[in-house]
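Content type mmCIF, C-alpha atoms, from the file final-v2.cif:
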```cif
data_target
#
loop_
_atom_site.label_atom_id
_atom_site.label_comp_id
_atom_site.auth_asym_id
_atom_site.auth_seq_id
_atom_site.Cartn_x
_atom_site.Cartn_y
_atom_site.Cartn_z
CA MET T 1 91.36 131.32 63.82
CA PHE T 2 88.66 129.29 65.64
CA PRO T 3 86.55 132.33 66.64
CA ALA T 4 86.63 133.56 63.01
CA LYS T 5 85.43 130.17 61.76
CA LEU T 6 82.69 130.09 64.41
CA ALA T 7 81.51 133.60 63.51
CA LEU T 8 81.51 132.76 59.80
CA SER T 9 79.53 129.58 60.43
CA THR T 10 77.01 131.44 62.61
CA LEU T 11 76.48 134.20 60.03
CA LYS T 12 75.97 131.71 57.26
CA ARG T 13 73.41 129.77 59.33
CA ILE T 14 71.52 132.97 60.14
CA HIS T 15 71.51 134.01 56.52
CA HIS T 16 70.59 130.48 55.41
CA GLY T 17 67.58 130.41 57.68
CA ALA T 18 66.46 133.90 56.72
CA CYS T 19 66.78 133.56 52.99
CA TYR T 20 67.44 130.02 51.78
CA ARG T 21 65.85 130.61 48.39
CA CYS T 22 67.83 133.82 47.86
CA LEU T 23 71.06 131.94 48.58
CA SER T 24 70.09 129.32 46.01
CA THR T 25 69.57 132.09 43.47
CA CYS T 26 72.93 133.65 44.37
CA PHE T 27 74.63 130.27 43.84
CA VAL T 28 73.11 129.98 40.36
CA GLN T 29 74.15 133.56 39.61
CA LYS T 30 77.75 132.85 40.68
CA GLU T 31 77.86 129.82 38.40
CA ARG T 32 76.55 131.96 35.50
CA ILE T 33 79.27 134.54 36.18
CA LYS T 34 81.90 131.83 35.83
CA ALA T 35 80.32 130.65 32.59
CA GLY T 36 79.53 133.95 30.88
CA ASP T 37 80.50 137.08 32.76
CA GLY T 38 77.05 137.79 34.09
CA PRO T 39 74.29 136.46 36.37
CA HIS T 40 71.01 135.35 34.82
CA SER T 41 69.25 133.04 37.21
CA ASP T 42 66.75 130.49 35.98
CA SER T 43 64.67 130.84 39.15
CA ARG T 44 62.31 133.73 39.69
CA VAL T 45 61.90 134.48 43.40
CA TRP T 46 59.25 137.12 44.00
CA LYS T 47 60.22 138.10 47.53
CA ARG T 48 61.88 141.14 48.95
CA LYS T 49 65.17 140.40 50.59
CA PRO T 50 65.54 140.90 54.36
CA LYS T 51 66.70 144.40 55.13
CA ASN T 52 69.88 143.14 56.79
CA GLN T 53 70.85 140.81 53.95
CA SER T 54 73.47 143.11 52.42
CA ALA T 55 75.10 143.58 55.84
CA ILE T 56 75.17 139.82 56.39
CA TRP T 57 76.74 139.25 52.97
CA SER T 58 79.36 141.92 53.61
CA SER T 59 80.27 140.30 56.93
CA ILE T 60 80.49 136.88 55.33
CA ARG T 61 82.80 138.19 52.57
CA LEU T 62 85.03 139.92 55.13
CA LEU T 63 85.30 136.84 57.36
CA GLU T 64 85.98 134.59 54.39
CA THR T 65 88.81 136.88 53.35
CA GLN T 66 90.27 136.87 56.86
CA GLN T 67 89.91 133.11 57.19
CA ASN T 68 91.16 132.08 53.77
CA GLY T 69 93.86 134.70 53.33
CA ARG T 70 94.88 135.60 49.79
CA ARG T 71 92.49 134.44 47.08
CA PRO T 72 93.76 132.33 44.17
CA PHE T 73 95.10 134.47 41.35
CA SER T 74 92.62 134.99 38.50
CA LEU T 75 92.06 137.64 35.85
CA SER T 76 88.30 137.11 35.46
CA ALA T 77 86.28 140.29 35.96
CA ALA T 78 84.17 138.76 38.72
CA THR T 79 87.24 137.59 40.65
CA ILE T 80 88.87 141.02 40.38
CA VAL T 81 85.75 142.64 41.81
CA ASN T 82 85.50 140.08 44.61
CA SER T 83 89.17 140.67 45.45
CA ALA T 84 88.62 144.40 45.92
CA PRO T 85 88.12 145.90 49.42
CA VAL T 86 84.68 145.02 50.76
CA HIS T 87 83.49 148.63 50.93
CA VAL T 88 84.49 149.19 47.27
CA GLN T 89 82.81 146.08 45.84
CA PRO T 90 79.24 147.48 45.77
CA TYR T 91 80.38 150.39 43.60
CA LEU T 92 82.21 148.08 41.20
CA ARG T 93 79.11 145.91 40.96
CA LEU T 94 76.95 149.01 40.46
CA MET T 95 78.96 149.86 37.34
CA ARG T 96 78.82 146.15 36.32
CA LEU T 97 82.58 145.79 36.32
CA ASP T 98 82.04 142.11 37.10
CA LYS T 99 79.97 141.69 33.91
CA PRO T 100 82.06 143.11 31.05
CA ILE T 101 79.86 141.91 28.16
CA GLY T 102 77.95 145.21 28.18
CA THR T 103 81.18 147.20 27.95
CA TRP T 104 82.24 145.10 24.97
CA LEU T 105 78.95 145.69 23.17
CA LEU T 106 79.28 149.44 23.74
CA TYR T 107 82.93 149.51 22.71
CA LEU T 108 82.84 147.40 19.55
CA PRO T 109 80.95 149.88 17.31
CA CYS T 110 83.63 152.43 18.26
CA THR T 111 86.34 150.06 17.05
CA TRP T 112 84.56 149.48 13.73
CA SER T 113 84.38 153.20 13.08
CA ILE T 114 87.98 153.89 14.12
CA ALA T 115 89.22 151.04 11.93
CA LEU T 116 87.18 152.19 8.92
CA ALA T 117 88.63 155.70 9.29
CA ALA T 118 92.26 154.49 9.31
CA ASN T 119 94.50 155.44 6.40
CA PRO T 120 94.71 152.84 3.60
CA GLY T 121 97.21 150.11 4.38
CA CYS T 122 97.47 151.12 8.06
CA PHE T 123 96.35 149.65 11.33
CA PRO T 124 93.77 151.61 13.35
CA ASP T 125 95.05 154.18 15.84
CA LEU T 126 95.95 152.21 18.99
CA GLY T 127 95.87 155.29 21.20
CA MET T 128 92.36 156.15 20.01
CA LEU T 129 91.20 152.55 20.56
CA THR T 130 92.52 152.72 24.12
CA LEU T 131 90.89 156.08 24.75
CA PHE T 132 87.53 154.84 23.49
CA GLY T 133 87.89 151.66 25.55
CA THR T 134 88.30 153.76 28.67
CA GLY T 135 85.32 155.88 27.68
CA ALA T 136 83.17 152.81 27.03
CA LEU T 137 83.99 151.41 30.47
CA LEU T 138 83.07 154.68 32.19
CA MET T 139 79.92 155.39 30.18
CA ARG T 140 78.64 151.85 30.53
CA GLY T 141 79.17 152.18 34.28
CA ALA T 142 77.36 155.52 34.31
CA GLY T 143 74.51 154.07 32.27
CA CYS T 144 74.13 151.14 34.68
CA THR T 145 74.15 153.52 37.65
CA ILE T 146 71.41 155.64 36.07
CA ASN T 147 69.44 152.51 35.22
CA ASP T 148 69.61 151.20 38.79
CA MET T 149 68.65 154.57 40.24
CA TRP T 150 65.54 154.68 38.04
CA ASP T 151 64.68 151.00 38.57
CA LYS T 152 65.31 150.59 42.30
CA ASP T 153 61.71 149.65 43.09
CA PHE T 154 61.44 147.26 40.13
CA ASP T 155 64.74 145.59 40.95
CA LYS T 156 63.62 144.77 44.49
CA LYS T 157 60.82 142.59 43.09
CA VAL T 158 62.93 140.40 40.80
CA SER T 159 65.34 137.78 42.12
CA ARG T 160 67.97 138.39 39.42
CA THR T 161 68.18 142.10 40.22
CA ALA T 162 67.27 142.20 43.93
CA SER T 163 70.94 141.88 44.92
CA ARG T 164 71.98 144.97 42.96
CA PRO T 165 73.65 147.45 45.31
CA ILE T 166 70.95 150.15 45.29
CA ALA T 167 68.02 147.72 45.45
CA SER T 168 69.63 145.76 48.30
CA GLY T 169 70.47 148.89 50.28
CA GLU T 170 74.25 148.57 50.08
CA ILE T 171 74.40 151.95 48.33
CA SER T 172 71.99 154.82 48.92
CA GLN T 173 70.52 156.98 46.18
CA MET T 174 72.71 159.89 47.27
CA GLN T 175 75.86 157.76 47.27
CA ALA T 176 74.92 156.49 43.79
CA LEU T 177 74.39 160.07 42.60
CA VAL T 178 77.82 161.12 43.85
CA PHE T 179 79.38 158.05 42.24
CA LEU T 180 77.57 158.84 38.98
CA GLY T 181 79.00 162.35 39.06
CA GLY T 182 82.49 160.92 39.42
CA GLN T 183 82.05 158.57 36.48
CA LEU T 184 80.63 161.28 34.23
CA SER T 185 83.45 163.65 35.21
CA LEU T 186 86.05 161.05 34.21
CA ALA T 187 84.16 160.33 30.99
CA LEU T 188 84.14 164.06 30.25
CA GLY T 189 87.90 164.07 30.68
CA VAL T 190 88.15 161.35 28.03
CA LEU T 191 85.80 163.25 25.70
CA LEU T 192 87.83 166.45 26.04
CA CYS T 193 90.82 164.61 24.56
CA LEU T 194 88.99 164.63 21.20
CA ASN T 195 88.45 167.40 18.64
CA TYR T 196 85.72 170.00 19.09
CA TYR T 197 83.38 168.34 16.58
CA SER T 198 83.62 165.05 18.48
CA ILE T 199 83.16 166.74 21.85
CA ALA T 200 79.86 168.24 20.68
CA LEU T 201 78.81 164.96 19.08
CA GLY T 202 79.65 162.96 22.20
CA ALA T 203 77.84 165.36 24.50
CA ALA T 204 74.72 164.98 22.36
CA SER T 205 74.44 161.32 23.37
CA LEU T 206 73.97 162.09 27.07
CA SER T 207 70.22 162.60 26.69
CA LEU T 208 69.91 159.06 25.34
CA VAL T 209 71.99 157.67 28.21
CA ILE T 210 69.70 159.33 30.77
CA THR T 211 66.33 158.56 29.17
CA TYR T 212 66.89 155.01 27.88
CA PRO T 213 66.12 153.29 31.23
CA LEU T 214 62.67 154.94 31.23
CA MET T 215 61.67 153.66 27.81
CA LYS T 216 60.54 150.22 28.99
CA ARG T 217 57.80 151.93 30.96
CA PHE T 218 56.24 153.49 27.87
CA THR T 219 57.07 151.48 24.75
CA TYR T 220 57.61 147.91 23.59
CA TRP T 221 60.71 149.16 21.73
CA PRO T 222 63.23 150.07 24.45
CA GLN T 223 65.78 147.91 22.60
CA PHE T 224 65.60 150.38 19.70
CA VAL T 225 66.46 153.28 22.03
CA LEU T 226 69.27 151.18 23.50
CA GLY T 227 70.55 150.67 19.95
CA LEU T 228 70.58 154.42 19.35
CA THR T 229 72.54 154.84 22.59
CA PHE T 230 74.98 151.93 22.41
CA ASN T 231 76.05 152.56 18.82
CA TRP T 232 76.82 156.27 19.10
CA GLY T 233 80.47 155.30 18.92
CA ALA T 234 79.95 154.34 15.26
CA LEU T 235 79.64 158.08 14.61
CA LEU T 236 82.11 159.29 17.21
CA GLY T 237 84.99 157.00 16.25
CA TRP T 238 85.13 158.28 12.67
CA SER T 239 84.88 161.94 13.68
CA ALA T 240 87.63 161.49 16.28
CA ILE T 241 89.99 160.35 13.50
CA LYS T 242 88.85 162.49 10.58
CA GLY T 243 87.60 165.62 12.35
CA SER T 244 83.98 165.19 11.20
CA CYS T 245 81.58 162.47 10.09
CA ASP T 246 81.41 161.15 6.54
CA TRP T 247 77.71 160.41 6.66
CA SER T 248 77.86 158.09 3.64
CA VAL T 249 79.91 155.71 5.83
CA CYS T 250 78.85 156.61 9.35
CA LEU T 251 75.08 156.48 8.92
CA PRO T 252 74.99 152.98 7.37
CA LEU T 253 77.40 151.79 10.05
CA TYR T 254 75.29 153.35 12.80
CA PHE T 255 72.12 151.85 11.30
CA SER T 256 73.77 148.42 11.23
CA GLY T 257 74.74 148.77 14.87
CA VAL T 258 71.18 149.65 15.86
CA MET T 259 69.88 146.59 14.02
CA TRP T 260 72.53 144.46 15.72
CA THR T 261 71.40 145.72 19.13
CA LEU T 262 67.80 144.85 18.29
CA VAL T 263 68.97 141.30 17.59
CA TYR T 264 71.07 140.68 20.70
CA ASP T 265 68.99 142.65 23.18
CA THR T 266 65.73 141.06 22.08
CA ILE T 267 67.40 137.70 22.73
CA TYR T 268 68.53 139.01 26.11
CA ALA T 269 65.02 140.28 26.94
CA HIS T 270 63.52 136.82 26.48
CA GLN T 271 65.26 135.79 29.71
CA ASP T 272 63.19 138.25 31.72
CA LYS T 273 59.85 138.22 29.91
CA GLU T 274 57.93 136.53 32.74
CA ASP T 275 59.29 138.99 35.29
CA ASP T 276 58.63 141.92 32.92
CA ILE T 277 54.96 140.96 32.67
CA LYS T 278 54.60 140.78 36.46
CA VAL T 279 56.43 144.05 37.05
CA GLY T 280 54.63 145.79 34.18
CA VAL T 281 57.50 146.80 31.90
CA LYS T 282 57.74 146.32 28.14
CA SER T 283 60.27 144.88 25.68
CA THR T 284 60.58 143.69 22.11
CA ALA T 285 60.55 140.13 23.46
CA LEU T 286 56.99 140.72 24.70
CA ARG T 287 56.09 142.53 21.48
CA PHE T 288 57.34 139.78 19.15
CA GLN T 289 56.67 136.70 21.32
CA GLU T 290 56.54 133.60 19.08
CA GLN T 291 57.28 135.72 16.01
CA THR T 292 60.69 136.66 17.38
CA LYS T 293 62.74 134.71 14.83
CA PRO T 294 61.17 136.36 11.73
CA TRP T 295 61.73 139.78 13.31
CA LEU T 296 65.34 138.95 14.20
CA SER T 297 65.92 137.69 10.67
CA GLY T 298 64.69 141.00 9.30
CA PHE T 299 66.99 142.95 11.61
CA ALA T 300 69.93 140.73 10.59
CA VAL T 301 69.29 141.34 6.88
CA ALA T 302 69.07 145.09 7.53
CA MET T 303 72.30 144.98 9.53
CA MET T 304 74.17 143.18 6.75
CA SER T 305 72.83 145.59 4.12
CA GLY T 306 74.10 148.55 6.12
CA LEU T 307 77.53 146.97 6.52
CA VAL T 308 77.77 146.37 2.78
CA ILE T 309 76.84 150.00 2.04
CA ALA T 310 79.31 151.30 4.62
CA GLY T 311 82.03 149.06 3.14
CA VAL T 312 81.38 150.23 -0.41
CA ASN T 313 81.43 153.90 0.59
CA ALA T 314 84.62 153.38 2.63
CA GLU T 315 86.21 151.60 -0.37
CA GLN T 316 86.71 148.39 1.58
CA THR T 317 88.36 145.38 -0.07
CA LEU T 318 87.93 141.61 -0.42
CA PRO T 319 88.88 140.56 3.16
CA TYR T 320 86.14 142.80 4.54
CA TYR T 321 83.44 141.20 2.43
CA ALA T 322 84.78 137.71 3.16
CA VAL T 323 84.41 138.42 6.88
CA LEU T 324 80.91 139.80 6.31
CA THR T 325 80.02 136.31 5.07
CA GLY T 326 81.22 134.93 8.39
CA VAL T 327 79.21 137.57 10.28
CA ALA T 328 76.09 136.62 8.31
CA LEU T 329 76.63 132.94 9.11
CA HIS T 330 77.09 133.77 12.79
CA LEU T 331 73.80 135.69 12.85
CA THR T 332 72.03 132.92 10.97
CA HIS T 333 73.22 130.31 13.45
CA GLN T 334 72.20 132.50 16.40
CA ILE T 335 68.67 132.97 15.13
CA TYR T 336 68.10 129.50 13.69
CA THR T 337 69.22 127.63 16.83
CA LEU T 338 67.74 130.09 19.37
CA ASP T 339 65.30 128.69 21.90
CA ILE T 340 63.50 131.72 23.28
CA ASN T 341 62.04 129.68 26.14
CA LYS T 342 65.40 128.56 27.54
CA THR T 343 67.19 131.14 29.65
CA GLU T 344 70.57 129.41 29.28
CA ASP T 345 70.35 129.39 25.50
CA CYS T 346 69.30 133.05 25.33
CA TRP T 347 72.28 134.01 27.51
CA LYS T 348 74.67 131.92 25.43
CA LYS T 349 73.48 133.52 22.19
CA PHE T 350 73.58 136.99 23.73
CA VAL T 351 77.21 136.82 24.90
CA SER T 352 78.31 135.27 21.58
CA ASN T 353 77.79 138.69 20.02
CA ARG T 354 81.09 139.82 21.49
CA ASN T 355 82.80 137.38 19.14
CA LEU T 356 80.68 138.60 16.23
CA GLY T 357 81.73 142.19 16.91
CA LEU T 358 85.39 141.26 17.20
CA LEU T 359 85.18 139.29 13.96
CA LEU T 360 83.79 142.32 12.15
CA PHE T 361 86.54 144.52 13.60
CA LEU T 362 89.22 142.14 12.34
CA GLY T 363 87.55 142.08 8.93
CA ILE T 364 87.65 145.88 8.72
CA VAL T 365 91.33 145.92 9.74
CA ALA T 366 92.22 143.22 7.20
CA GLY T 367 90.27 144.97 4.47
CA ASN T 368 92.03 148.24 5.19
CA LEU T 369 95.49 146.59 5.15
CA TRP T 370 94.60 145.11 1.75
CA LYS T 371 94.21 148.60 0.28
CA GLU T 372 97.07 150.02 -1.71
#
```
Would you write out, as structure tokens, the structure that this file holds?
Amino acid sequence: MFPAKLALSTLKRIHHGACYRCLSTCFVQKERIKAGDGPHSDSRVWKRKPKNQSAIWSSIRLLETQQNGRRPFSLSAATIVNSAPVHVQPYLRLMRLDKPIGTWLLYLPCTWSIALAANPGCFPDLGMLTLFGTGALLMRGAGCTINDMWDKDFDKKVSRTASRPIASGEISQMQALVFLGGQLSLALGVLLCLNYYSIALGAASLSLVITYPLMKRFTYWPQFVLGLTFNWGALLGWSAIKGSCDWSVCLPLYFSGVMWTLVYDTIYAHQDKEDDIKVGVKSTALRFQEQTKPWLSGFAVAMMSGLVIAGVNAEQTLPYYAVLTGVALHLTHQIYTLDINKTEDCWKKFVSNRNLGLLLFLGIVAGNLWKE
């Protein structure tokens, strides 16, 4: 036991001396994970990490596991990832399994569409919700892998992203490519469980998944492209249940989802605006700057209008519209109280959109059960 403690202490001292500021950033990131399922450090450290940092961290994790034995039981995503074998952890972090908020935001539009397509007076198809949940987890992981492969050189220059597995050297580009192939193969297996119309529709979204990470290099509207990508499930969920899309319902729902993404991802982008300027990438946060709140208000109004149209065309009932009032109030509170210059507040508002999406889902379910 003593040699293990001595080795652990020595490694930590070496790492502390080599990269004290990086360790401070990692501590802040760990605290953010506990608070909101994802790291968003307040500090901005513009240094490349030592080449051996990932190896040091891996050794520290291994020795801590050997010294401390079994970790305390916890169901948080970050704890599950940290409890995995050391050689598996970089792959789980590459697919952001420790930060599930992105999976939620990809999954929720699917649930809205599946619930709207349910038969009157019935709950949504639980099997289809589970299938789409699995698909959302895999496709979000694939999207993050593609993003990190494209952005490896950018990520090395920003403290918040420098510890990502590809940027830090824990995973090579070839290993990431093989892992991406595995994720896409599993996602294809999920897609093949659907009808032919939905298979073709789902496959059509792959071009968006691949090209979205490049958009911030060319346009101040990458959040719009993300909206097109992340809300594809608003089309796919309905077609999976009904066999094809009813465009009078699906298009307004899809439009609302895109507007919703513009709201939450613009808020998210304000956390990184200083780094984005230095690296040379674009975002709606940089485009709107101090006019962000008027823009977000416009997107929120457009989102609510689309939800009303979708509800009318889907013959939704009173509970649905009552919940829409709550959704509107949630958006209003987000925008009115937002401080775009405080990273913590931007993160808090961003992750609150999971609750907004769940609230809308429950409203659709309740409205459908109200039908005769």
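Between Lys99 in chain T and the residues T:Ser198, T:Ser76, T:Asn119, T:Asn147, the shortest atom-to-atom distance, using all atoms listed in the file, involves T:Ser76.
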Original post:
What does the PyMOL selection byres ((chain T and resi 127) around 12) select in this file, as a PyMOL selection string?
Top reply: chain T and resi 111+114+123-126+128-134+190+193-194+240-241
Keeping only C-alpha atoms, take the residues you just selected and write them out as a PDB file, in the coordinates of the input.
```
ATOM      1  CA  THR T 111      86.340 150.060  17.050  1.00  0.00           C
ATOM      2  CA  ILE T 114      87.980 153.890  14.120  1.00  0.00           C
ATOM      3  CA  PHE T 123      96.350 149.650  11.330  1.00  0.00           C
ATOM      4  CA  PRO T 124      93.770 151.610  13.350  1.00  0.00           C
ATOM      5  CA  ASP T 125      95.050 154.180  15.840  1.00  0.00           C
ATOM      6  CA  LEU T 126      95.950 152.210  18.990  1.00  0.00           C
ATOM      7  CA  MET T 128      92.360 156.150  20.010  1.00  0.00           C
ATOM      8  CA  LEU T 129      91.200 152.550  20.560  1.00  0.00           C
ATOM      9  CA  THR T 130      92.520 152.720  24.120  1.00  0.00           C
ATOM     10  CA  LEU T 131      90.890 156.080  24.750  1.00  0.00           C
ATOM     11  CA  PHE T 132      87.530 154.840  23.490  1.00  0.00           C
ATOM     12  CA  GLY T 133      87.890 151.660  25.550  1.00  0.00           C
ATOM     13  CA  THR T 134      88.300 153.760  28.670  1.00  0.00           C
ATOM     14  CA  VAL T 190      88.150 161.350  28.030  1.00  0.00           C
ATOM     15  CA  CYS T 193      90.820 164.610  24.560  1.00  0.00           C
ATOM     16  CA  LEU T 194      88.990 164.630  21.200  1.00  0.00           C
ATOM     17  CA  ALA T 240      87.630 161.490  16.280  1.00  0.00           C
ATOM     18  CA  ILE T 241      89.990 160.350  13.500  1.00  0.00           C
TER      19      ILE T 241
END
```
**OP:** Excluding Ser207 in chain T and any residue of its chain fewer than 3 positions from it, enumerate the residues within 12 Å of it, using only C-alpha atoms, and give them as a VMD selection string.
**Re:** chain T and resid 143 146 201 to 204 210 to 214 225 to 226 228 to 229 232
**OP:** Expand the PyMOL selection byres ((chain T and resi 281) around 6) into the individual residues it matches in the shown file, reporting them as a list in words.
**Re:**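 Checked against the file, the PyMOL selection byres ((chain T and resi 281) around 6) matches Lys216, Arg217, Asp276, Val279, Gly280 and Lys282 of chain T.
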**OP:** Name the residues captured by the PyMOL selection byres ((chain T and resi 95) around 7) when it is applied to the shown file; answer as a PyMOL selection string.
**Re:** chain T and resi 91-94+96-97+141-142+144-145
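Considering the residues T:Pro109, T:Gly135, T:Gly102, T:Gly182 and counting only C-alpha atoms, Leu359 in chain T has its shortest atom-to-atom contact with T:Pro109.
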**OP:** Can you pull out every residue within 12 Å of Ala300 in chain T, counting all atoms listed in the file, but drop anything in the same chain fewer than 2 positions away, and send it as a count of residues only?
**Re:** 33
